[in-house]
$ cat structure28.csv   # CSV, C-alpha atoms
chain,number,residue,atom,x,y,z
A,293,MET,CA,0.0,0.0,0.0
A,294,ILE,CA,1.0,3.6,-0.3
A,295,VAL,CA,2.2,4.9,3.0
A,296,ASP,CA,2.8,8.5,1.9
A,297,CYS,CA,3.6,10.4,-1.3
A,298,ALA,CA,4.7,14.0,-1.4
A,299,TYR,CA,6.3,16.6,-3.7
A,300,TYR,CA,9.1,18.7,-2.2
A,301,VAL,CA,10.6,21.9,-3.5
A,302,ASP,CA,13.7,23.4,-1.7
A,303,GLY,CA,13.1,20.9,1.1
A,304,VAL,CA,9.5,22.0,1.7
A,305,ARG,CA,6.5,19.8,1.3
A,306,GLN,CA,4.1,21.3,-1.3
A,307,GLN,CA,0.8,19.8,-0.2
A,308,GLU,CA,-1.1,18.5,2.8
A,309,GLY,CA,-1.8,14.8,2.9
A,310,THR,CA,-0.8,12.3,0.3
A,311,LEU,CA,-0.1,13.4,-3.2
A,312,PRO,CA,-2.5,11.8,-5.7
A,313,THR,CA,-1.0,9.3,-8.0
A,314,GLY,CA,-2.4,11.2,-11.0
A,315,ALA,CA,-0.4,14.3,-10.0
A,316,ILE,CA,3.0,12.5,-9.9
A,317,THR,CA,3.7,12.9,-13.6
A,318,HIS,CA,2.9,16.6,-13.5
A,319,CYS,CA,5.3,17.1,-10.5
A,320,LEU,CA,8.0,15.2,-12.3
A,321,ASN,CA,7.7,17.6,-15.2
A,322,GLU,CA,8.3,20.7,-13.1
A,323,GLU,CA,11.7,22.3,-13.2
A,324,HIS,CA,12.4,22.0,-9.5
A,325,GLY,CA,11.8,19.6,-6.6
A,326,PHE,CA,11.3,15.9,-6.4
A,327,VAL,CA,8.7,13.3,-5.5
A,328,TRP,CA,9.0,10.9,-2.6
A,329,LEU,CA,6.8,7.9,-2.7
A,330,GLY,CA,6.7,5.4,0.1
A,331,LEU,CA,5.3,1.9,-0.3
A,332,SER,CA,4.8,-0.9,2.3
A,333,ASP,CA,4.5,-4.5,1.2
A,334,PRO,CA,3.2,-3.4,-2.2
A,335,THR,CA,1.2,-5.7,-4.6
A,336,ASP,CA,2.5,-6.5,-8.1
A,337,ASP,CA,0.0,-4.0,-9.5
A,338,GLU,CA,1.4,-1.2,-7.3
A,339,LEU,CA,4.9,-2.1,-8.4
A,340,ARG,CA,3.9,-2.0,-12.0
A,341,GLU,CA,2.3,1.4,-11.5
A,342,ALA,CA,5.4,2.7,-9.9
A,343,GLN,CA,7.5,1.3,-12.7
A,344,ARG,CA,5.3,3.1,-15.3
A,345,LEU,CA,5.2,6.5,-13.4
A,346,PHE,CA,9.0,6.7,-12.7
A,347,GLY,CA,10.5,4.6,-15.5
A,348,LEU,CA,12.0,2.1,-13.1
A,349,HIS,CA,14.2,-0.7,-14.6
A,350,GLU,CA,12.5,-4.0,-15.0
A,351,LEU,CA,15.4,-5.9,-13.4
A,352,ALA,CA,15.2,-3.7,-10.3
A,353,ILE,CA,11.4,-4.3,-10.1
A,354,GLU,CA,12.0,-8.1,-10.4
A,355,ASP,CA,14.5,-7.9,-7.5
A,356,THR,CA,11.9,-6.1,-5.5
A,357,ARG,CA,9.4,-8.8,-6.1
A,358,CYS,CA,11.8,-11.6,-5.3
A,359,ARG,CA,12.7,-10.1,-1.9
A,360,HIS,CA,15.5,-11.5,0.3
A,361,GLU,CA,18.1,-9.9,-1.9
A,362,ARG,CA,21.7,-9.3,-0.8
A,363,PRO,CA,22.3,-5.7,0.1
A,364,LYS,CA,23.6,-3.8,-2.9
A,365,LEU,CA,23.7,-0.6,-4.9
A,366,GLU,CA,23.1,-1.0,-8.6
A,367,PRO,CA,23.3,2.0,-11.0
A,368,TYR,CA,20.9,2.1,-14.0
A,369,GLU,CA,20.7,4.6,-16.8
A,370,ASP,CA,18.6,7.3,-15.0
A,371,HIS,CA,18.3,6.1,-11.5
A,372,GLN,CA,20.0,4.0,-8.8
A,373,PHE,CA,18.6,0.9,-7.0
A,374,LEU,CA,19.6,0.3,-3.4
A,375,VAL,CA,18.7,-2.9,-1.4
A,376,LEU,CA,18.9,-2.8,2.4
A,377,ARG,CA,18.2,-5.5,5.0
A,378,THR,CA,16.3,-4.4,8.0
A,379,ALA,CA,16.6,-6.2,11.3
A,380,ILE,CA,14.8,-6.6,14.6
A,381,TYR,CA,15.8,-8.9,17.5
A,382,ASP,CA,13.4,-11.3,19.2
A,383,ASP,CA,15.2,-11.8,22.5
A,384,GLU,CA,12.8,-14.5,23.7
A,385,ARG,CA,13.5,-16.7,20.6
A,386,GLU,CA,17.0,-15.3,20.2
A,387,GLU,CA,16.5,-14.8,16.5
A,388,VAL,CA,17.0,-11.8,14.2
A,389,GLU,CA,14.0,-11.1,12.0
A,390,PHE,CA,15.1,-9.6,8.7
A,391,GLY,CA,13.0,-7.4,6.4
A,392,GLU,CA,13.9,-5.5,3.3
A,393,ILE,CA,13.9,-1.9,2.0
A,394,ASN,CA,14.4,-1.2,-1.7
A,395,VAL,CA,15.1,2.4,-2.7
A,396,PHE,CA,14.9,3.8,-6.3
A,397,ALA,CA,16.6,7.1,-6.4
A,398,GLY,CA,16.6,9.3,-9.5
A,399,PRO,CA,17.3,13.0,-10.1
A,400,ARG,CA,13.6,14.0,-9.6
A,401,PHE,CA,12.2,11.2,-7.5
A,402,VAL,CA,12.8,8.6,-4.8
A,403,VAL,CA,10.7,5.5,-4.3
A,404,VAL,CA,11.0,3.6,-1.1
A,405,VAL,CA,9.6,0.1,-0.8
A,406,ARG,CA,9.5,-1.4,2.7
A,407,GLU,CA,8.8,-5.1,3.3
A,408,GLY,CA,8.5,-6.7,6.8
A,409,ARG,CA,7.8,-5.1,10.1
A,410,ALA,CA,11.3,-3.8,10.9
A,411,SER,CA,12.4,-0.2,10.4
A,412,SER,CA,9.3,1.9,10.0
A,413,LEU,CA,10.2,5.0,7.9
A,414,ARG,CA,7.5,7.3,9.0
A,415,GLY,CA,9.8,8.9,11.6
A,416,THR,CA,12.4,9.3,8.9
A,417,ARG,CA,10.1,11.4,6.7
A,418,GLN,CA,9.1,13.5,9.6
A,419,ARG,CA,12.8,14.0,10.6
A,420,LEU,CA,13.8,15.1,7.2
A,421,GLU,CA,10.8,17.4,6.8
A,422,GLY,CA,12.0,19.1,9.9
A,423,ARG,CA,15.4,19.7,8.2
A,424,PRO,CA,14.5,21.5,5.0
A,425,ASP,CA,18.2,22.3,4.6
A,426,LEU,CA,18.9,18.6,4.2
A,427,LEU,CA,15.8,17.7,2.2
A,428,ALA,CA,16.7,20.5,-0.2
A,429,GLN,CA,19.6,18.3,-1.3
A,430,GLY,CA,17.1,16.2,-3.1
A,431,PRO,CA,16.7,12.4,-3.3
A,432,GLY,CA,20.3,11.9,-1.9
A,433,ALA,CA,19.0,13.2,1.5
A,434,VAL,CA,16.3,10.6,1.5
A,435,LEU,CA,18.8,8.0,0.6
A,436,TRP,CA,20.9,9.0,3.6
A,437,GLY,CA,17.9,9.2,5.9
A,438,VAL,CA,16.7,5.7,5.0
A,439,ILE,CA,20.2,4.2,5.4
A,440,ASP,CA,20.8,6.0,8.7
A,441,ARG,CA,17.5,4.7,10.1
A,442,VAL,CA,18.2,1.1,9.1
A,443,VAL,CA,21.7,1.3,10.6
A,444,ASP,CA,20.4,2.8,13.8
A,445,ASP,CA,18.0,-0.1,14.1
A,446,TYR,CA,21.0,-2.5,14.0
A,447,GLU,CA,22.1,-1.1,17.4
A,448,PRO,CA,19.5,-2.9,19.6
A,449,VAL,CA,20.0,-6.1,17.6
A,450,VAL,CA,23.7,-6.1,18.3
A,451,ARG,CA,23.1,-5.3,22.0
A,452,GLY,CA,20.6,-8.1,22.3
A,453,LEU,CA,23.0,-10.6,20.7
A,454,GLU,CA,25.9,-9.4,23.0
A,455,ASN,CA,23.7,-9.9,26.1
A,456,ASP,CA,22.9,-13.4,25.0
A,457,VAL,CA,26.6,-14.1,24.2
A,458,GLU,CA,27.5,-13.0,27.7
A,459,GLU,CA,24.8,-15.2,29.2
A,460,VAL,CA,26.2,-18.2,27.3
A,461,GLU,CA,29.8,-17.4,28.5
A,462,ALA,CA,28.5,-17.2,32.1
A,463,GLN,CA,26.8,-20.6,31.8
A,464,VAL,CA,29.8,-22.3,30.2
A,465,PHE,CA,32.3,-21.0,32.8
A,466,ALA,CA,30.0,-21.3,35.8
A,467,VAL,CA,31.9,-22.6,38.8
A,468,GLY,CA,30.5,-25.3,41.0
A,469,THR,CA,27.5,-26.0,38.8
A,470,ASN,CA,26.5,-28.5,36.2
A,471,PRO,CA,24.7,-26.3,33.6
A,472,PRO,CA,23.0,-27.8,30.5
A,473,ASP,CA,25.0,-28.2,27.3
A,474,GLN,CA,25.2,-24.9,25.5
A,475,THR,CA,26.3,-26.2,22.2
A,476,ALA,CA,23.0,-25.7,20.4
A,477,ARG,CA,22.5,-22.2,21.8
A,478,ILE,CA,26.0,-21.2,20.8
A,479,TYR,CA,25.5,-22.6,17.2
A,480,PHE,CA,22.2,-20.7,16.7
A,481,LEU,CA,23.6,-17.4,18.1
A,482,LYS,CA,26.6,-17.8,15.8
A,483,ARG,CA,24.3,-18.2,12.9
A,484,GLU,CA,22.4,-15.1,13.7
A,485,LEU,CA,25.6,-13.1,14.0
A,486,SER,CA,26.7,-14.4,10.6
A,487,ASP,CA,23.4,-13.4,9.1
A,488,LEU,CA,23.7,-9.9,10.6
A,489,ARG,CA,27.2,-9.6,9.1
A,490,ARG,CA,25.9,-10.5,5.7
A,491,ALA,CA,23.4,-7.7,6.0
A,492,LEU,CA,26.0,-5.2,7.1
A,493,HIS,CA,29.2,-5.9,5.2
A,494,PRO,CA,27.9,-5.2,1.6
A,495,LEU,CA,26.9,-1.7,2.7
A,496,LEU,CA,30.5,-0.7,3.2
A,497,ALA,CA,31.4,-0.2,-0.4
A,498,PRO,CA,28.5,2.0,-1.5
A,499,LEU,CA,28.7,4.0,1.7
A,500,ASP,CA,32.4,4.6,1.2
A,501,GLN,CA,31.6,5.9,-2.3
A,502,ALA,CA,28.9,8.2,-0.9
A,503,ALA,CA,31.2,9.4,1.8
A,504,GLN,CA,33.7,10.4,-0.9
A,505,GLY,CA,30.9,12.1,-2.9
A,506,LEU,CA,31.3,9.7,-5.8
A,507,LEU,CA,27.6,8.8,-6.1
A,508,PRO,CA,25.2,10.9,-8.1
A,509,GLY,CA,23.0,13.2,-6.1
A,510,VAL,CA,24.9,13.2,-2.8
A,511,ASP,CA,26.8,16.5,-3.3
A,512,GLY,CA,27.0,18.2,0.1
A,513,LEU,CA,26.0,15.1,2.0
A,514,ALA,CA,29.4,13.4,2.2
A,515,PRO,CA,29.8,14.1,5.9
A,516,TYR,CA,26.5,12.5,6.7
A,517,PHE,CA,27.3,9.4,4.8
A,518,ARG,CA,30.7,9.3,6.5
A,519,ASP,CA,28.9,9.3,9.9
A,520,VAL,CA,26.7,6.3,8.8
A,521,LEU,CA,29.8,4.5,7.4
A,522,ASP,CA,31.5,4.9,10.8
A,523,HIS,CA,28.4,3.4,12.5
A,524,VAL,CA,28.3,0.4,10.1
A,525,ARG,CA,32.0,-0.3,10.7
A,526,ARG,CA,31.6,-0.1,14.4
A,527,ILE,CA,28.5,-2.4,14.5
A,528,GLU,CA,30.3,-4.9,12.2
A,529,GLU,CA,33.3,-4.9,14.5
A,530,GLU,CA,31.1,-5.5,17.5
A,531,ALA,CA,29.3,-8.4,15.7
A,532,ALA,CA,32.7,-9.9,14.8
A,533,ASP,CA,33.9,-9.6,18.4
A,534,SER,CA,30.7,-11.4,19.6
A,535,ARG,CA,31.2,-14.1,17.0
A,536,GLU,CA,34.8,-14.6,18.2
A,537,GLN,CA,33.5,-14.9,21.8
A,538,LEU,CA,31.1,-17.6,20.7
A,539,VAL,CA,33.8,-19.5,18.9
A,540,ALA,CA,35.9,-19.4,22.1
A,541,ALA,CA,32.9,-20.4,24.2
A,542,MET,CA,32.2,-23.3,21.9
A,543,GLN,CA,35.7,-24.6,22.2
A,544,ALA,CA,35.6,-24.2,26.0
A,545,ASN,CA,32.2,-25.8,26.2
A,546,ILE,CA,33.4,-28.8,24.2
A,547,ALA,CA,36.5,-29.1,26.4
A,548,LEU,CA,34.4,-29.0,29.6
A,549,ILE,CA,32.0,-31.6,28.2
A,550,ALA,CA,35.0,-33.8,27.4
A,551,ASN,CA,36.4,-33.3,30.9
A,552,ARG,CA,33.1,-34.2,32.5
A,553,GLN,CA,33.0,-37.3,30.4
A,554,ASN,CA,36.5,-38.2,31.3
A,555,ASP,CA,35.7,-37.7,35.0
A,556,ALA,CA,32.7,-40.0,34.6
A,557,VAL,CA,34.8,-42.6,32.9
A,558,ARG,CA,37.4,-42.5,35.7
A,559,ARG,CA,34.7,-42.9,38.3
A,560,VAL,CA,33.2,-45.9,36.6
A,561,THR,CA,36.7,-47.4,36.1
A,562,GLY,CA,37.5,-46.9,39.8
A,563,TRP,CA,34.3,-48.6,41.0
A,564,ALA,CA,34.8,-51.4,38.5
A,565,ALA,CA,38.3,-52.0,39.9
A,566,LEU,CA,36.9,-52.2,43.4
A,567,VAL,CA,34.3,-54.8,42.4
A,568,ALA,CA,36.8,-56.7,40.2
A,569,VAL,CA,39.3,-57.6,42.9
A,570,PRO,CA,36.9,-59.3,45.4
A,571,THR,CA,35.2,-61.0,42.4
A,572,PHE,CA,38.6,-62.4,41.3
A,573,VAL,CA,39.4,-63.7,44.8
A,574,ALA,CA,36.0,-65.3,45.2
A,575,SER,CA,36.2,-66.9,41.8
A,576,VAL,CA,39.5,-68.5,42.6
A,577,TYR,CA,38.1,-70.0,45.8
A,578,GLY,CA,35.0,-71.1,44.0
A,579,MET,CA,36.8,-73.3,41.5
A,580,ASN,CA,36.7,-76.3,43.9
A,581,PHE,CA,40.0,-77.9,42.9
A,582,THR,CA,40.9,-81.0,45.0
A,583,HIS,CA,44.4,-79.8,45.9
A,584,MET,CA,43.7,-76.5,47.6
A,585,PRO,CA,45.3,-76.4,51.1
A,586,GLU,CA,43.0,-73.6,52.1
A,587,LEU,CA,39.9,-75.9,51.8
A,588,ASP,CA,41.0,-77.9,54.8
A,589,TRP,CA,42.0,-74.8,56.8
A,590,ARG,CA,39.6,-73.7,59.5
A,591,LEU,CA,40.5,-70.0,59.0
A,592,GLY,CA,40.5,-70.2,55.2
A,593,TYR,CA,37.1,-68.5,54.8
A,594,PRO,CA,37.7,-65.6,57.2
A,595,PHE,CA,41.1,-65.2,55.6
A,596,ALA,CA,39.6,-64.9,52.1
A,597,ILE,CA,37.1,-62.4,53.3
A,598,ALA,CA,39.7,-60.3,55.1
A,599,LEU,CA,42.0,-60.5,52.0
A,600,MET,CA,39.2,-59.1,49.8
A,601,ILE,CA,38.4,-56.3,52.2
A,602,ALA,CA,42.1,-55.4,52.6
A,603,ILE,CA,42.8,-55.3,48.9
A,604,ALA,CA,39.5,-53.4,48.1
A,605,GLY,CA,40.3,-50.9,50.9
A,606,THR,CA,43.8,-50.3,49.5
A,607,ILE,CA,42.5,-49.7,46.0
A,608,TYR,CA,39.8,-47.4,47.4
A,609,TRP,CA,42.4,-45.3,49.3
A,610,LEU,CA,44.6,-45.1,46.2
A,611,LEU,CA,41.7,-44.1,44.0
A,612,ARG,CA,40.5,-41.5,46.4
A,613,ARG,CA,44.0,-40.1,46.7
A,614,SER,CA,44.2,-39.6,42.9
A,615,ARG,CA,40.6,-38.3,42.8
A,616,TRP,CA,39.3,-41.0,40.6
A,617,ILE,CA,36.2,-41.5,42.8

$ encode --input "structure28.csv" --output "structure tokens"
Amino acid sequence: MIVDCAYYVDGVRQQEGTLPTGAITHCLNEEHGFVWLGLSDPTDDELREAQRLFGLHELAIEDTRCRHERPKLEPYEDHQFLVLRTAIYDDEREEVEFGEINVFAGPRFVVVVREGRASSLRGTRQRLEGRPDLLAQGPGAVLWGVIDRVVDDYEPVVRGLENDVEEVEAQVFAVGTNPPDQTARIYFLKRELSDLRRALHPLLAPLDQAAQGLLPGVDGLAPYFRDVLDHVRRIEEEAADSREQLVAAMQANIALIANRQNDAVRRVTGWAALVAVPTFVASVYGMNFTHMPELDWRLGYPFAIALMIAIAGTIYWLLRRSRWI
């Protein structure tokens, strides 16, 4: 659906409410200003209408329909196509829910297509309308505002993941407890961090170009793009640090599990040795050979019992001393 559509001249909105679709062509033919159209989860018919009105490239429209595209910036003959991955963190499920924003930016228009529930852009429009000096820069200002909002929304995602990583570390290295195995939780958190990096890393190249003023329509906005670029780099570094922490936690978790298994094996082996020695002595006396002097000895039975107790006690003392049981 159409969230909002407006015509801006010198950074000032030219009408109250939403600009009618039929007036878009007239505004595009004016000498100054640009049209900003915002769509949310549009239908195929709405995308085709936007393609007709703004002359959008068919391949870019196809990418918008397919969704789940890798973040990228593609230049076409008369406009640019930007794909952004939005993110929101579900702390209860420990999952990052990704959405998508596609931006078509030309000299006289910008079309923003939002899919998913993350990164609502209504506040972005209001923020830019409150800064006519920025909005007067044209579609480049909208491009910056959208990217800045998406990057800002990554902050709570990274914070949520960092908190869960710290919880995992506390569980793995807890002293004097026997916590449940954290392997599955570590694996899924590591996967979410990898997905987050795949959403962030492709933004570095186009943002670096914009920060140097090399993209069309961003003249005068280079400092703002440099600020966003710095945020992306910082968030990516934090995500990479959390991922390294998880790798270390995984290795430690595996080592602790192996140690607990070795401890269990030692205990079982120790108790088996305690049982084996009396069993061996009893089995020897139970073979009932004819020529066994102890069979005619009145103290033979008490002696055998005492021998088994003495040997078992010695073994028990040695095992306790070496902490095997």

$ atom_distance --input "structure28.csv" --atom1 "atom CA of Ala564 of chain A" --atom2 "atom CA of Leu548 of chain A"
24.1 Å

$ residues_around --input "structure28.csv" --residues "Asp336 of chain A" --least-positions-apart "3" --cutoff "8 Å" --atoms "only C-alpha atoms" --output "PDB file with C-alpha atoms, keeping the file's coordinate frame"
ATOM      1  CA  LEU A 339       4.900  -2.100  -8.400  1.00  0.00           C
ATOM      2  CA  ARG A 340       3.900  -2.000 -12.000  1.00  0.00           C
ATOM      3  CA  ARG A 357       9.400  -8.800  -6.100  1.00  0.00           C
TER       4      ARG A 357
END

$ residues_around --input "structure28.csv" --residues "Asp533 of chain A" --least-positions-apart "3" --cutoff "12 Å" --atoms "only C-alpha atoms" --output "PyMOL selection string"
chain A and resi 450+453-454+457-458+482+485-486+489+526-530+536-540

$ atom_distance --input "structure28.csv" --atom1 "atom CA of Met293 of chain A" --atom2 "atom CA of Asp444 of chain A"
24.8 Å

$ atom_distance --input "structure28.csv" --atom1 "atom CA of Lys364 of chain A" --atom2 "atom CA of Glu392 of chain A"
11.6 Å

$ residues_around --input "structure28.csv" --residues "segment 305-309 of chain A" --least-positions-apart "4" --cutoff "8 Å" --atoms "only C-alpha atoms" --output "list in words"
Asp296, Ala298, Tyr299, Tyr300, Val301 and Glu421 of chain A

$ residues_around --input "structure28.csv" --residues "Arg359 of chain A" --least-positions-apart "4" --cutoff "9 Å" --atoms "only C-alpha atoms" --output "PDB file with C-alpha atoms, in the frame of the given file"
ATOM      1  CA  GLU A 354      12.000  -8.100 -10.400  1.00  0.00           C
ATOM      2  CA  ASP A 355      14.500  -7.900  -7.500  1.00  0.00           C
ATOM      3  CA  GLY A 391      13.000  -7.400   6.400  1.00  0.00           C
ATOM      4  CA  GLU A 392      13.900  -5.500   3.300  1.00  0.00           C
ATOM      5  CA  GLU A 407       8.800  -5.100   3.300  1.00  0.00           C
TER       6      GLU A 407
END

$ closest_residue --input "structure28.csv" --among "A:Thr571, A:Asn554, A:Ser614, A:Asn455" --to "Ile597 of chain A" --atoms "all atoms listed in the file"
A:Thr571

$ closest_residue --input "structure28.csv" --among "A:Asp440, A:Asp473, A:Ala491, A:Arg362" --to "Ala550 of chain A" --atoms "all atoms listed in the file"
A:Asp473

$ residues_near_point --input "structure28.csv" --point "(23.6, -24.2, 30.3)" --cutoff "10 Å" --atoms "all atoms listed in the file" --output "ChimeraX atom specification"
/A:459-466,469-475,477,545

$ write_last_selection --input "structure28.csv" --atoms "C-alpha atoms" --output "PDB file, in the coordinates of the input"
ATOM      1  CA  GLU A 459      24.800 -15.200  29.200  1.00  0.00           C
ATOM      2  CA  VAL A 460      26.200 -18.200  27.300  1.00  0.00           C
ATOM      3  CA  GLU A 461      29.800 -17.400  28.500  1.00  0.00           C
ATOM      4  CA  ALA A 462      28.500 -17.200  32.100  1.00  0.00           C
ATOM      5  CA  GLN A 463      26.800 -20.600  31.800  1.00  0.00           C
ATOM      6  CA  VAL A 464      29.800 -22.300  30.200  1.00  0.00           C
ATOM      7  CA  PHE A 465      32.300 -21.000  32.800  1.00  0.00           C
ATOM      8  CA  ALA A 466      30.000 -21.300  35.800  1.00  0.00           C
ATOM      9  CA  THR A 469      27.500 -26.000  38.800  1.00  0.00           C
ATOM     10  CA  ASN A 470      26.500 -28.500  36.200  1.00  0.00           C
ATOM     11  CA  PRO A 471      24.700 -26.300  33.600  1.00  0.00           C
ATOM     12  CA  PRO A 472      23.000 -27.800  30.500  1.00  0.00           C
ATOM     13  CA  ASP A 473      25.000 -28.200  27.300  1.00  0.00           C
ATOM     14  CA  GLN A 474      25.200 -24.900  25.500  1.00  0.00           C
ATOM     15  CA  THR A 475      26.300 -26.200  22.200  1.00  0.00           C
ATOM     16  CA  ARG A 477      22.500 -22.200  21.800  1.00  0.00           C
ATOM     17  CA  ASN A 545      32.200 -25.800  26.200  1.00  0.00           C
TER      18      ASN A 545
END

$ closest_residue --input "structure28.csv" --among "A:Asp382, A:Asp425, A:Arg441, A:Ile294" --to "Val405 of chain A" --atoms "all atoms listed in the file"
A:Ile294

$ closest_residue --input "structure28.csv" --among "A:Val304, A:Leu492, A:Leu566, A:Ala433" --to "Leu611 of chain A" --atoms "only C-alpha atoms"
A:Leu566

$ build_atoms --input "structure28.csv" --residues "segment 548-555 of chain A" --atoms "all heavy atoms" --output "CSV table (one decimal), in the frame of the given file"
chain,number,residue,atom,x,y,z
A,548,LEU,N,35.0,-28.6,28.3
A,548,LEU,CA,34.4,-29.0,29.6
A,548,LEU,C,33.6,-30.2,29.5
A,548,LEU,O,33.5,-31.0,30.4
A,548,LEU,CB,33.6,-27.8,30.0
A,548,LEU,CG,34.3,-26.5,30.4
A,548,LEU,CD1,33.4,-25.3,30.7
A,548,LEU,CD2,35.2,-26.8,31.7
A,549,ILE,N,32.8,-30.4,28.4
A,549,ILE,CA,32.0,-31.6,28.2
A,549,ILE,C,33.0,-32.8,28.2
A,549,ILE,O,32.7,-33.9,28.8
A,549,ILE,CB,31.2,-31.5,26.9
A,549,ILE,CG1,30.1,-30.5,27.1
A,549,ILE,CG2,30.6,-32.9,26.6
A,549,ILE,CD1,29.3,-30.2,25.8
A,550,ALA,N,34.1,-32.7,27.5
A,550,ALA,CA,35.0,-33.8,27.4
A,550,ALA,C,35.6,-34.1,28.8
A,550,ALA,O,35.8,-35.3,29.2
A,550,ALA,CB,36.2,-33.5,26.4
A,551,ASN,N,35.9,-33.1,29.6
A,551,ASN,CA,36.4,-33.3,30.9
A,551,ASN,C,35.4,-34.0,31.8
A,551,ASN,O,35.8,-34.8,32.6
A,551,ASN,CB,36.8,-31.9,31.5
A,551,ASN,CG,38.1,-31.3,30.9
A,551,ASN,OD1,38.9,-32.1,30.4
A,551,ASN,ND2,38.3,-30.0,31.0
A,552,ARG,N,34.1,-33.5,31.7
A,552,ARG,CA,33.1,-34.2,32.5
A,552,ARG,C,33.0,-35.7,32.1
A,552,ARG,O,32.8,-36.5,32.9
A,552,ARG,CB,31.8,-33.5,32.4
A,552,ARG,CG,31.7,-32.1,33.1
A,552,ARG,CD,30.3,-31.6,33.2
A,552,ARG,NE,29.8,-31.2,32.0
A,552,ARG,CZ,29.8,-30.0,31.5
A,552,ARG,NH1,30.4,-29.0,32.2
A,552,ARG,NH2,29.2,-29.6,30.4
A,553,GLN,N,33.0,-35.9,30.8
A,553,GLN,CA,33.0,-37.3,30.4
A,553,GLN,C,34.2,-38.1,30.9
A,553,GLN,O,34.0,-39.3,31.3
A,553,GLN,CB,32.9,-37.4,28.8
A,553,GLN,CG,31.6,-36.8,28.2
A,553,GLN,CD,31.6,-36.8,26.7
A,553,GLN,OE1,32.7,-36.8,26.1
A,553,GLN,NE2,30.4,-36.7,26.1
A,554,ASN,N,35.4,-37.5,30.8
A,554,ASN,CA,36.5,-38.2,31.3
A,554,ASN,C,36.4,-38.5,32.8
A,554,ASN,O,36.8,-39.6,33.3
A,554,ASN,CB,37.8,-37.4,31.1
A,554,ASN,CG,38.1,-37.3,29.6
A,554,ASN,OD1,37.7,-38.2,28.8
A,554,ASN,ND2,38.9,-36.3,29.2
A,555,ASP,N,35.9,-37.5,33.5
A,555,ASP,CA,35.7,-37.7,35.0
A,555,ASP,C,34.7,-38.9,35.2
A,555,ASP,O,34.9,-39.7,36.2
A,555,ASP,CB,35.1,-36.4,35.6
A,555,ASP,CG,35.0,-36.5,37.1
A,555,ASP,OD1,36.0,-36.6,37.8
A,555,ASP,OD2,33.9,-36.4,37.6
